[in-house]
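A.B. asks: File name protein_9.txt; file contents compact mmCIF, C-alpha atoms; full text below.
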```txt
# COMPACT_ATOMS: atom_id res chain seq x y z
CA MET A 1228 -70.50 31.14 -93.40
CA ASP A 1229 -68.48 29.08 -95.82
CA SER A 1230 -66.26 31.77 -97.32
CA VAL A 1231 -66.36 35.46 -98.11
CA THR A 1232 -65.05 37.06 -101.26
CA PRO A 1233 -62.47 39.86 -100.92
CA LEU A 1234 -64.88 42.39 -102.42
CA ALA A 1235 -67.36 41.77 -99.61
CA VAL A 1236 -65.12 42.98 -96.78
CA GLY A 1237 -63.98 46.45 -95.92
CA PRO A 1238 -60.38 47.65 -95.60
CA GLY A 1239 -60.42 47.19 -91.82
CA LEU A 1240 -61.47 43.54 -92.15
CA ALA A 1241 -59.01 42.62 -94.89
CA ARG A 1242 -56.38 41.19 -92.53
CA PRO A 1243 -58.83 39.07 -90.44
CA HIS A 1244 -60.43 37.89 -93.68
CA ARG A 1245 -57.08 36.74 -95.08
CA TRP A 1246 -56.28 34.98 -91.80
CA LEU A 1247 -59.61 33.18 -91.72
CA CYS A 1248 -59.25 32.14 -95.36
CA ALA A 1249 -55.82 30.71 -94.52
CA HIS A 1250 -57.23 28.89 -91.44
CA PRO A 1251 -60.67 27.48 -92.40
CA ARG A 1252 -60.77 25.26 -89.33
CA ALA A 1253 -60.60 28.34 -87.11
CA LEU A 1254 -63.49 29.87 -89.07
CA ASP A 1255 -65.55 26.71 -88.64
CA THR A 1256 -64.81 26.74 -84.90
CA LEU A 1257 -66.09 30.32 -84.64
CA VAL A 1258 -69.21 29.33 -86.59
CA ALA A 1259 -69.76 26.37 -84.25
CA LEU A 1260 -69.50 28.61 -81.16
CA ALA A 1261 -71.92 31.11 -82.68
CA VAL A 1262 -74.40 28.34 -83.51
CA LEU A 1263 -74.15 26.96 -79.97
CA ALA A 1264 -74.89 30.42 -78.58
CA LEU A 1265 -77.89 30.81 -80.93
CA ILE A 1266 -79.27 27.42 -79.96
CA LEU A 1267 -79.03 28.10 -76.23
CA ILE A 1268 -80.34 31.67 -76.48
CA GLY A 1269 -83.21 30.57 -78.74
CA ALA A 1270 -84.11 27.81 -76.29
CA VAL A 1271 -84.78 30.26 -73.47
CA ALA A 1272 -85.90 33.32 -75.41
CA GLY A 1273 -89.41 32.15 -76.30
CA PRO A 1274 -92.30 33.26 -74.08
CA ARG A 1275 -93.25 29.65 -73.32
CA MET A 1276 -89.66 28.64 -72.53
CA ARG A 1277 -88.72 31.20 -69.88
CA HIS A 1278 -89.86 29.11 -66.92
CA GLN A 1279 -88.37 25.83 -68.13
CA SER A 1280 -84.84 24.66 -67.53
CA LEU A 1281 -82.73 23.72 -70.49
CA GLY A 1282 -82.20 20.16 -69.35
CA ALA A 1283 -79.04 18.08 -69.61
CA LEU A 1284 -80.20 16.23 -72.72
CA PHE A 1285 -80.89 19.40 -74.68
CA VAL A 1286 -77.54 20.94 -73.68
CA LEU A 1287 -75.80 17.72 -74.78
CA LEU A 1288 -77.65 17.77 -78.10
CA ALA A 1289 -76.77 21.43 -78.60
CA VAL A 1290 -73.07 20.84 -77.88
CA LEU A 1291 -72.96 17.83 -80.22
CA ALA A 1292 -74.73 19.76 -83.00
CA ALA A 1293 -72.36 22.72 -82.73
CA ALA A 1294 -69.24 20.55 -82.40
CA SER A 1295 -70.08 18.60 -85.55
CA LEU A 1296 -69.98 21.83 -87.57
CA VAL A 1297 -66.20 22.02 -87.11
CA VAL A 1298 -65.84 19.23 -89.71
CA ARG A 1299 -68.65 20.37 -92.01
CA ARG A 1300 -66.24 21.04 -94.90
CA ASP A 1301 -64.81 17.53 -94.76
CA LEU A 1302 -68.11 15.65 -94.29
CA PRO A 1303 -70.94 17.98 -95.35
CA ARG A 1304 -73.61 15.33 -95.87
CA GLY A 1305 -72.57 13.35 -92.82
CA VAL A 1306 -72.73 16.46 -90.63
CA LEU A 1307 -76.16 17.27 -92.06
CA ALA A 1308 -77.47 13.77 -91.33
CA PHE A 1309 -76.02 13.95 -87.81
CA ASN A 1310 -77.71 17.28 -87.09
CA VAL A 1311 -81.01 16.05 -88.51
CA ALA A 1312 -80.82 13.06 -86.15
CA LEU A 1313 -80.11 15.34 -83.17
CA THR A 1314 -83.05 17.59 -84.09
CA LEU A 1315 -85.36 14.61 -84.45
CA THR A 1316 -84.20 13.37 -81.05
CA GLU A 1317 -85.18 16.68 -79.47
CA LEU A 1318 -88.55 16.70 -81.26
CA VAL A 1319 -89.47 13.12 -80.41
CA THR A 1320 -88.13 12.73 -76.85
CA ASN A 1321 -89.34 16.05 -75.44
CA ASP A 1322 -92.53 15.11 -73.56
CA VAL A 1323 -92.46 17.75 -70.84
CA GLY A 1324 -93.23 20.83 -72.88
CA PRO A 1325 -92.86 22.48 -76.28
CA PRO A 1326 -89.77 21.26 -78.17
CA ARG A 1327 -86.84 23.60 -78.25
CA THR A 1328 -86.69 23.97 -82.02
CA SER A 1329 -83.65 26.25 -81.88
CA ILE A 1330 -81.64 23.04 -82.22
CA VAL A 1331 -82.41 23.37 -85.94
CA PHE A 1332 -79.66 26.02 -86.30
CA GLY A 1333 -77.16 23.18 -86.58
CA VAL A 1334 -79.20 21.76 -89.45
CA VAL A 1335 -79.35 25.21 -91.06
CA VAL A 1336 -75.57 25.60 -91.20
CA ALA A 1337 -75.02 21.99 -92.31
CA LEU A 1338 -77.66 22.25 -95.04
CA TYR A 1339 -76.17 25.55 -96.20
CA THR A 1340 -72.77 23.86 -96.52
CA VAL A 1341 -74.20 20.97 -98.54
CA ALA A 1342 -76.08 23.39 -100.83
CA ALA A 1343 -72.98 25.52 -101.37
CA ARG A 1344 -70.89 22.49 -102.40
CA THR A 1345 -73.27 20.53 -104.64
CA ASP A 1346 -75.39 21.17 -107.72
CA ARG A 1347 -78.86 22.67 -107.73
CA PRO A 1348 -80.91 19.45 -108.19
CA THR A 1349 -79.09 17.83 -105.27
CA THR A 1350 -79.59 20.94 -103.17
CA TRP A 1351 -83.33 21.01 -103.67
CA ARG A 1352 -83.74 17.27 -103.17
CA VAL A 1353 -81.79 17.29 -99.92
CA GLY A 1354 -83.39 20.55 -98.77
CA ALA A 1355 -86.93 19.36 -99.48
CA ALA A 1356 -86.34 16.02 -97.76
CA THR A 1357 -84.85 17.74 -94.71
CA ALA A 1358 -87.69 20.28 -94.44
CA VAL A 1359 -90.42 17.69 -94.85
CA LEU A 1360 -88.80 15.27 -92.41
CA LEU A 1361 -88.27 17.81 -89.61
CA THR A 1362 -91.57 19.59 -90.09
CA GLY A 1363 -93.50 16.31 -90.28
CA ALA A 1364 -91.80 14.99 -87.14
CA ALA A 1365 -92.61 18.20 -85.29
CA MET A 1366 -96.26 18.03 -86.35
CA LEU A 1367 -96.61 14.35 -85.41
CA PHE A 1368 -94.58 13.99 -82.20
CA ALA A 1369 -94.31 17.42 -80.61
CA LEU A 1370 -96.77 18.66 -78.02
CA ASN A 1371 -97.49 21.78 -80.06
CA PRO A 1372 -100.49 21.90 -82.42
CA TRP A 1373 -99.54 20.94 -85.94
CA TYR A 1374 -100.10 24.51 -87.14
CA SER A 1375 -97.90 26.16 -84.50
CA GLN A 1376 -95.34 28.71 -85.56
CA GLU A 1377 -92.47 26.56 -84.24
CA ASN A 1378 -93.33 23.81 -86.74
CA TRP A 1379 -93.53 26.18 -89.69
CA GLY A 1380 -90.37 27.88 -88.44
CA LEU A 1381 -88.51 24.58 -88.99
CA PHE A 1382 -89.76 24.52 -92.58
CA ALA A 1383 -88.82 28.15 -93.17
CA TRP A 1384 -85.31 27.85 -91.70
CA THR A 1385 -84.42 24.75 -93.71
CA GLY A 1386 -85.79 26.28 -96.92
CA LEU A 1387 -83.84 29.47 -96.28
CA ALA A 1388 -80.61 27.51 -95.70
CA ALA A 1389 -81.00 25.62 -98.98
CA ALA A 1390 -81.79 28.81 -100.91
CA ALA A 1391 -78.85 30.70 -99.38
CA GLY A 1392 -76.41 27.88 -100.10
CA ASP A 1393 -77.62 27.60 -103.70
CA ALA A 1394 -77.28 31.36 -104.18
CA VAL A 1395 -73.71 31.33 -102.85
CA ARG A 1396 -72.80 28.40 -105.08
CA SER A 1397 -74.26 30.17 -108.13
CA ARG A 1398 -72.37 33.36 -107.30
CA ARG A 1399 -69.10 31.49 -106.95
CA ALA A 1400 -69.67 29.73 -110.26
CA TYR A 1401 -70.47 33.09 -111.91
CA ILE A 1402 -67.30 34.72 -110.54
CA ALA A 1403 -65.21 31.72 -111.57
CA ALA A 1404 -66.68 31.89 -115.09
CA ILE A 1405 -65.90 35.62 -115.33
CA GLU A 1406 -62.33 35.06 -114.18
CA GLU A 1407 -61.90 32.21 -116.65
CA ARG A 1408 -63.24 34.34 -119.51
CA ALA A 1409 -60.90 37.18 -118.53
CA VAL A 1410 -57.89 34.84 -118.50
CA ARG A 1411 -58.94 33.33 -121.84
CA ALA A 1412 -59.44 36.78 -123.37
CA GLU A 1413 -56.01 37.91 -122.15
CA ARG A 1414 -54.41 34.77 -123.54
CA THR A 1415 -56.22 35.26 -126.85
CA ARG A 1416 -55.04 38.87 -127.07
CA GLU A 1417 -51.45 37.83 -126.45
CA GLU A 1418 -51.65 35.08 -129.05
CA GLU A 1419 -53.23 37.47 -131.56
CA ALA A 1420 -50.49 40.04 -130.92
CA ARG A 1421 -47.78 37.41 -131.40
CA ARG A 1422 -49.46 36.20 -134.60
CA ARG A 1423 -49.62 39.72 -136.03
CA VAL A 1424 -45.98 40.35 -135.14
CA ALA A 1425 -44.97 37.10 -136.85
CA GLU A 1426 -46.98 38.02 -139.96
CA GLU A 1427 -45.41 41.48 -140.08
CA ARG A 1428 -41.91 40.04 -139.70
CA LEU A 1429 -42.66 37.59 -142.53
CA ARG A 1430 -43.87 40.42 -144.76
CA ILE A 1431 -40.73 42.44 -144.05
CA ALA A 1432 -38.57 39.39 -144.74
CA ARG A 1433 -40.28 38.91 -148.13
CA GLU A 1434 -39.73 42.55 -149.04
CA LEU A 1435 -36.09 42.22 -147.97
CA HIS A 1436 -35.74 39.19 -150.21
CA ASP A 1437 -37.15 41.11 -153.19
CA VAL A 1438 -34.91 44.14 -152.62
CA VAL A 1439 -31.72 42.15 -152.06
CA ALA A 1440 -32.49 39.91 -155.05
CA HIS A 1441 -32.91 43.01 -157.23
CA HIS A 1442 -29.55 44.45 -156.12
CA ILE A 1443 -27.78 41.10 -156.52
CA ALA A 1444 -29.16 40.78 -160.06
CA LEU A 1445 -27.93 44.31 -160.82
CA VAL A 1446 -24.50 43.46 -159.42
CA ASN A 1447 -24.37 40.35 -161.57
CA VAL A 1448 -25.27 42.27 -164.74
CA GLN A 1449 -22.77 45.08 -164.10
CA ALA A 1450 -20.02 42.61 -163.22
CA GLY A 1451 -20.66 40.81 -166.51
CA VAL A 1452 -20.46 44.10 -168.42
CA ALA A 1453 -17.20 45.01 -166.68
CA SER A 1454 -15.68 41.62 -167.48
CA HIS A 1455 -16.73 41.94 -171.13
CA VAL A 1456 -15.31 45.45 -171.78
CA MET A 1457 -12.33 45.28 -169.41
CA ASP A 1458 -9.69 44.92 -172.19
CA ASN A 1459 -11.17 47.12 -174.93
CA ARG A 1460 -12.96 49.89 -172.99
CA PRO A 1461 -11.49 50.25 -169.50
CA ASP A 1462 -13.40 53.48 -168.80
CA GLN A 1463 -16.72 51.72 -169.35
CA ALA A 1464 -15.47 48.81 -167.21
CA LYS A 1465 -14.67 51.24 -164.35
CA GLU A 1466 -18.15 52.72 -164.66
CA ALA A 1467 -19.67 49.25 -164.47
CA LEU A 1468 -17.60 48.41 -161.40
CA ALA A 1469 -18.75 51.66 -159.78
CA HIS A 1470 -22.35 50.55 -160.35
CA VAL A 1471 -21.47 47.19 -158.81
CA ARG A 1472 -20.06 48.94 -155.76
CA GLN A 1473 -23.09 51.21 -155.45
CA ALA A 1474 -25.55 48.34 -155.83
CA SER A 1475 -23.73 46.20 -153.26
CA ARG A 1476 -23.63 49.12 -150.81
CA SER A 1477 -27.37 49.70 -151.27
CA ALA A 1478 -28.05 46.01 -150.74
CA LEU A 1479 -26.03 46.01 -147.51
CA GLU A 1480 -27.82 49.12 -146.23
CA GLU A 1481 -31.24 47.62 -147.00
CA LEU A 1482 -30.21 44.38 -145.34
CA ARG A 1483 -28.91 46.15 -142.22
CA ALA A 1484 -32.03 48.34 -141.87
CA THR A 1485 -34.46 45.48 -142.36
CA VAL A 1486 -32.65 43.14 -139.98
CA GLY A 1487 -32.75 45.93 -137.41
CA LEU A 1488 -36.53 46.06 -137.78
CA LEU A 1489 -36.81 42.31 -137.45
CA ARG A 1490 -34.69 42.16 -134.32
CA GLN A 1491 -36.93 41.87 -131.25
CA TYR A 1492 -36.57 44.13 -128.25
CA GLY A 1493 -34.06 42.65 -125.83
CA ASP A 1494 -32.26 40.48 -128.40
CA PRO A 1495 -28.49 40.52 -127.91
CA ALA A 1496 -26.59 42.71 -130.31
CA ALA A 1497 -24.61 41.05 -133.08
CA PRO A 1498 -21.02 40.30 -132.00
CA THR A 1499 -18.39 42.66 -133.39
CA GLU A 1500 -15.28 40.74 -132.35
CA PRO A 1501 -13.50 38.65 -134.99
CA ALA A 1502 -14.28 34.98 -135.31
CA PRO A 1503 -12.22 32.80 -132.95
CA GLY A 1504 -9.14 31.18 -134.46
CA ILE A 1505 -6.82 28.33 -133.69
CA ALA A 1506 -5.27 30.29 -130.81
CA VAL A 1507 -8.41 29.87 -128.65
CA LEU A 1508 -8.93 26.22 -129.49
CA ASP A 1509 -8.66 25.20 -125.81
CA GLN A 1510 -11.43 27.63 -124.81
CA LEU A 1511 -13.63 26.44 -127.65
```
Just dump the structure as structure tokens.
C.D. replies:
Amino acid sequence: MDSVTPLAVGPGLARPHRWLCAHPRALDTLVALAVLALILIGAVAGPRMRHQSLGALFVLLAVLAAASLVVRRDLPRGVLAFNVALTLTELVTNDVGPPRTSIVFGVVVALYTVAARTDRPTTWRVGAATAVLLTGAAMLFALNPWYSQENWGLFAWTGLAAAAGDAVRSRRAYIAAIEERAVRAERTREEEARRRVAEERLRIARELHDVVAHHIALVNVQAGVASHVMDNRPDQAKEALAHVRQASRSALEELRATVGLLRQYGDPAAPTEPAPGIAVLDQL
């Protein structure tokens, strides 16, 4: 009565369900009309009620009880108290026959709403107080015997409303907890993946540092040899310079390959145009 989860409706009811979820006031109006119909039908359906007219007071009470349910989301406890007062009015003022206890359907919906929107201790306190108050009033003031089924029906309906509202609230809390855990798990997986990528990039960068440092050291040694033997042994100097060239080429290849691994997917490619000069100073 308060809301329905998407999994609880079939494909043919998906569109009405979405519309009712988007217009809760319309849903509450439909619930109020249904409750009014149940109250009036229940008032004339009993075997002892068939030969009695509804009476203007009862119809007024029924209309007020149903109409108050339109604002049950905004004022759940106030609507519950209002419906309890209307039910007590019917129980206490009816001195011409058995009370029409179907008026309790307004209390049932209001109590369900309170139970679905509060915690469990509050639900059971309010539910127990409502059941005891209505049942006790029916036993004390109604013309029925205290043990009549109408009196115990009041107790059963109020208890059922509290239990149903508490069950719905627990189910919503369970679904919300599952969704929160799923979101947290997804976020944790993404963070773990990013952390592992960062660690792998750092490891590659360290290896690149070691490789490039090795080639730079080799270039430095060979360049020193070439400078030392350049005048006396030019052939050996050429060989040393060839080693310098080979080592520098290897260092550049290692650097290019490793930087390619470190580049993330979607990163812009390195620019290949020459650096801007004084001719494009205005654009800069």
A.B. asks: Under the rule that all atoms listed in the file are counted, which of A:Glu1426, A:Asp1301, A:Asp1393, A:Glu1377 is the nearest residue to Gly1269 in chain A?
C.D. replies: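 Closest candidate: A:Glu1377.
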A.B. asks: One decimal, in Å: what's the spacing between CA of Ser1454 in chain A and CA of His1441 in chain A?
C.D. replies: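 If I compute the distance from CA of Ser1454 in chain A to CA of His1441 in chain A, I get 20.1 Å.
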A.B. asks: Figure out the distance between CA of Glu1317 in chain A and CA of Leu1381 in chain A, please, to one decimal in Å.
C.D. replies: 12.8 Å
A.B. asks: Need the neighbours of (-69.9, 24.5, -95.9): which residues are at most 12 Å away, counting only C-alpha atoms, as a VMD selection string?
C.D. replies: chain A and resid 1228 to 1231 1251 to 1252 1254 to 1255 1258 to 1259 1295 to 1307 1333 to 1345 1388 to 1389 1391 to 1393 1395 to 1396
A.B. asks: Using the file's own x, y and z axes, what box holds all listed atoms of range 1385-1401 of chain A with 8 Å on each side, keeping edges along x, y and z, and what are its centre and edge lengths in Å to one decimal, as JSON?
C.D. replies:
```
{"center_x": -77.4, "center_y": 29.1, "center_z": -102.8, "size_x": 32.7, "size_y": 24.6, "size_z": 34.2}
```
A.B. asks: What's the separation between CA of Arg1433 in chain A and CA of Ser1477 in chain A, in Å to one decimal place?
C.D. replies: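 Separation between CA of Arg1433 in chain A and CA of Ser1477 in chain A: 17.1 Å.
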A.B. asks: Write out as a ChimeraX atom specification which residues come within 12 Å of Leu1361 in chain A when counting all atoms listed in the file, dropping same-chain ones fewer than 5 positions away.
C.D. replies: /A:1308,1310-1319,1328,1330-1331,1334-1335,1354-1356,1366-1369,1377-1386
A.B. asks: For the residues in that selection, give me C-alpha atoms as a PDB file, keeping the file's coordinate frame.
C.D. replies:
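Produced file out30.pdb, reproduced below:
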```
ATOM      1  CA  ALA A1308     -77.470  13.770 -91.330  1.00  0.00           C
ATOM      2  CA  ASN A1310     -77.710  17.280 -87.090  1.00  0.00           C
ATOM      3  CA  VAL A1311     -81.010  16.050 -88.510  1.00  0.00           C
ATOM      4  CA  ALA A1312     -80.820  13.060 -86.150  1.00  0.00           C
ATOM      5  CA  LEU A1313     -80.110  15.340 -83.170  1.00  0.00           C
ATOM      6  CA  THR A1314     -83.050  17.590 -84.090  1.00  0.00           C
ATOM      7  CA  LEU A1315     -85.360  14.610 -84.450  1.00  0.00           C
ATOM      8  CA  THR A1316     -84.200  13.370 -81.050  1.00  0.00           C
ATOM      9  CA  GLU A1317     -85.180  16.680 -79.470  1.00  0.00           C
ATOM     10  CA  LEU A1318     -88.550  16.700 -81.260  1.00  0.00           C
ATOM     11  CA  VAL A1319     -89.470  13.120 -80.410  1.00  0.00           C
ATOM     12  CA  THR A1328     -86.690  23.970 -82.020  1.00  0.00           C
ATOM     13  CA  ILE A1330     -81.640  23.040 -82.220  1.00  0.00           C
ATOM     14  CA  VAL A1331     -82.410  23.370 -85.940  1.00  0.00           C
ATOM     15  CA  VAL A1334     -79.200  21.760 -89.450  1.00  0.00           C
ATOM     16  CA  VAL A1335     -79.350  25.210 -91.060  1.00  0.00           C
ATOM     17  CA  GLY A1354     -83.390  20.550 -98.770  1.00  0.00           C
ATOM     18  CA  ALA A1355     -86.930  19.360 -99.480  1.00  0.00           C
ATOM     19  CA  ALA A1356     -86.340  16.020 -97.760  1.00  0.00           C
ATOM     20  CA  MET A1366     -96.260  18.030 -86.350  1.00  0.00           C
ATOM     21  CA  LEU A1367     -96.610  14.350 -85.410  1.00  0.00           C
ATOM     22  CA  PHE A1368     -94.580  13.990 -82.200  1.00  0.00           C
ATOM     23  CA  ALA A1369     -94.310  17.420 -80.610  1.00  0.00           C
ATOM     24  CA  GLU A1377     -92.470  26.560 -84.240  1.00  0.00           C
ATOM     25  CA  ASN A1378     -93.330  23.810 -86.740  1.00  0.00           C
ATOM     26  CA  TRP A1379     -93.530  26.180 -89.690  1.00  0.00           C
ATOM     27  CA  GLY A1380     -90.370  27.880 -88.440  1.00  0.00           C
ATOM     28  CA  LEU A1381     -88.510  24.580 -88.990  1.00  0.00           C
ATOM     29  CA  PHE A1382     -89.760  24.520 -92.580  1.00  0.00           C
ATOM     30  CA  ALA A1383     -88.820  28.150 -93.170  1.00  0.00           C
ATOM     31  CA  TRP A1384     -85.310  27.850 -91.700  1.00  0.00           C
ATOM     32  CA  THR A1385     -84.420  24.750 -93.710  1.00  0.00           C
ATOM     33  CA  GLY A1386     -85.790  26.280 -96.920  1.00  0.00           C
TER      34      GLY A1386
END
```
A.B. asks: Out of A:Arg1476, A:His1470, A:His1436, A:Arg1430, which residue has the shortest atom-to-atom distance to Gln1449 in chain A when counting all atoms listed in the file?
C.D. replies: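 Of all the options, A:His1470 lies closest to Gln1449 in chain A.
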A.B. asks: With all atoms listed in the file as the atoms that count, which of A:Arg1423, A:Arg1327, A:Arg1245, A:His1442 lies nearest to Val1271 in chain A?
C.D. replies: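 Between A:Arg1423, A:Arg1327, A:Arg1245, A:His1442, the residue approaching Val1271 in chain A most closely is A:Arg1327.
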A.B. asks: Excluding Ala1469 in chain A and residues on its chain fewer than 5 positions from it, collect all residues at most 10 Å away from it, counting only C-alpha atoms, and give them as a PyMOL selection string.
C.D. replies: chain A and resi 1449-1450+1453+1463-1464+1474-1475
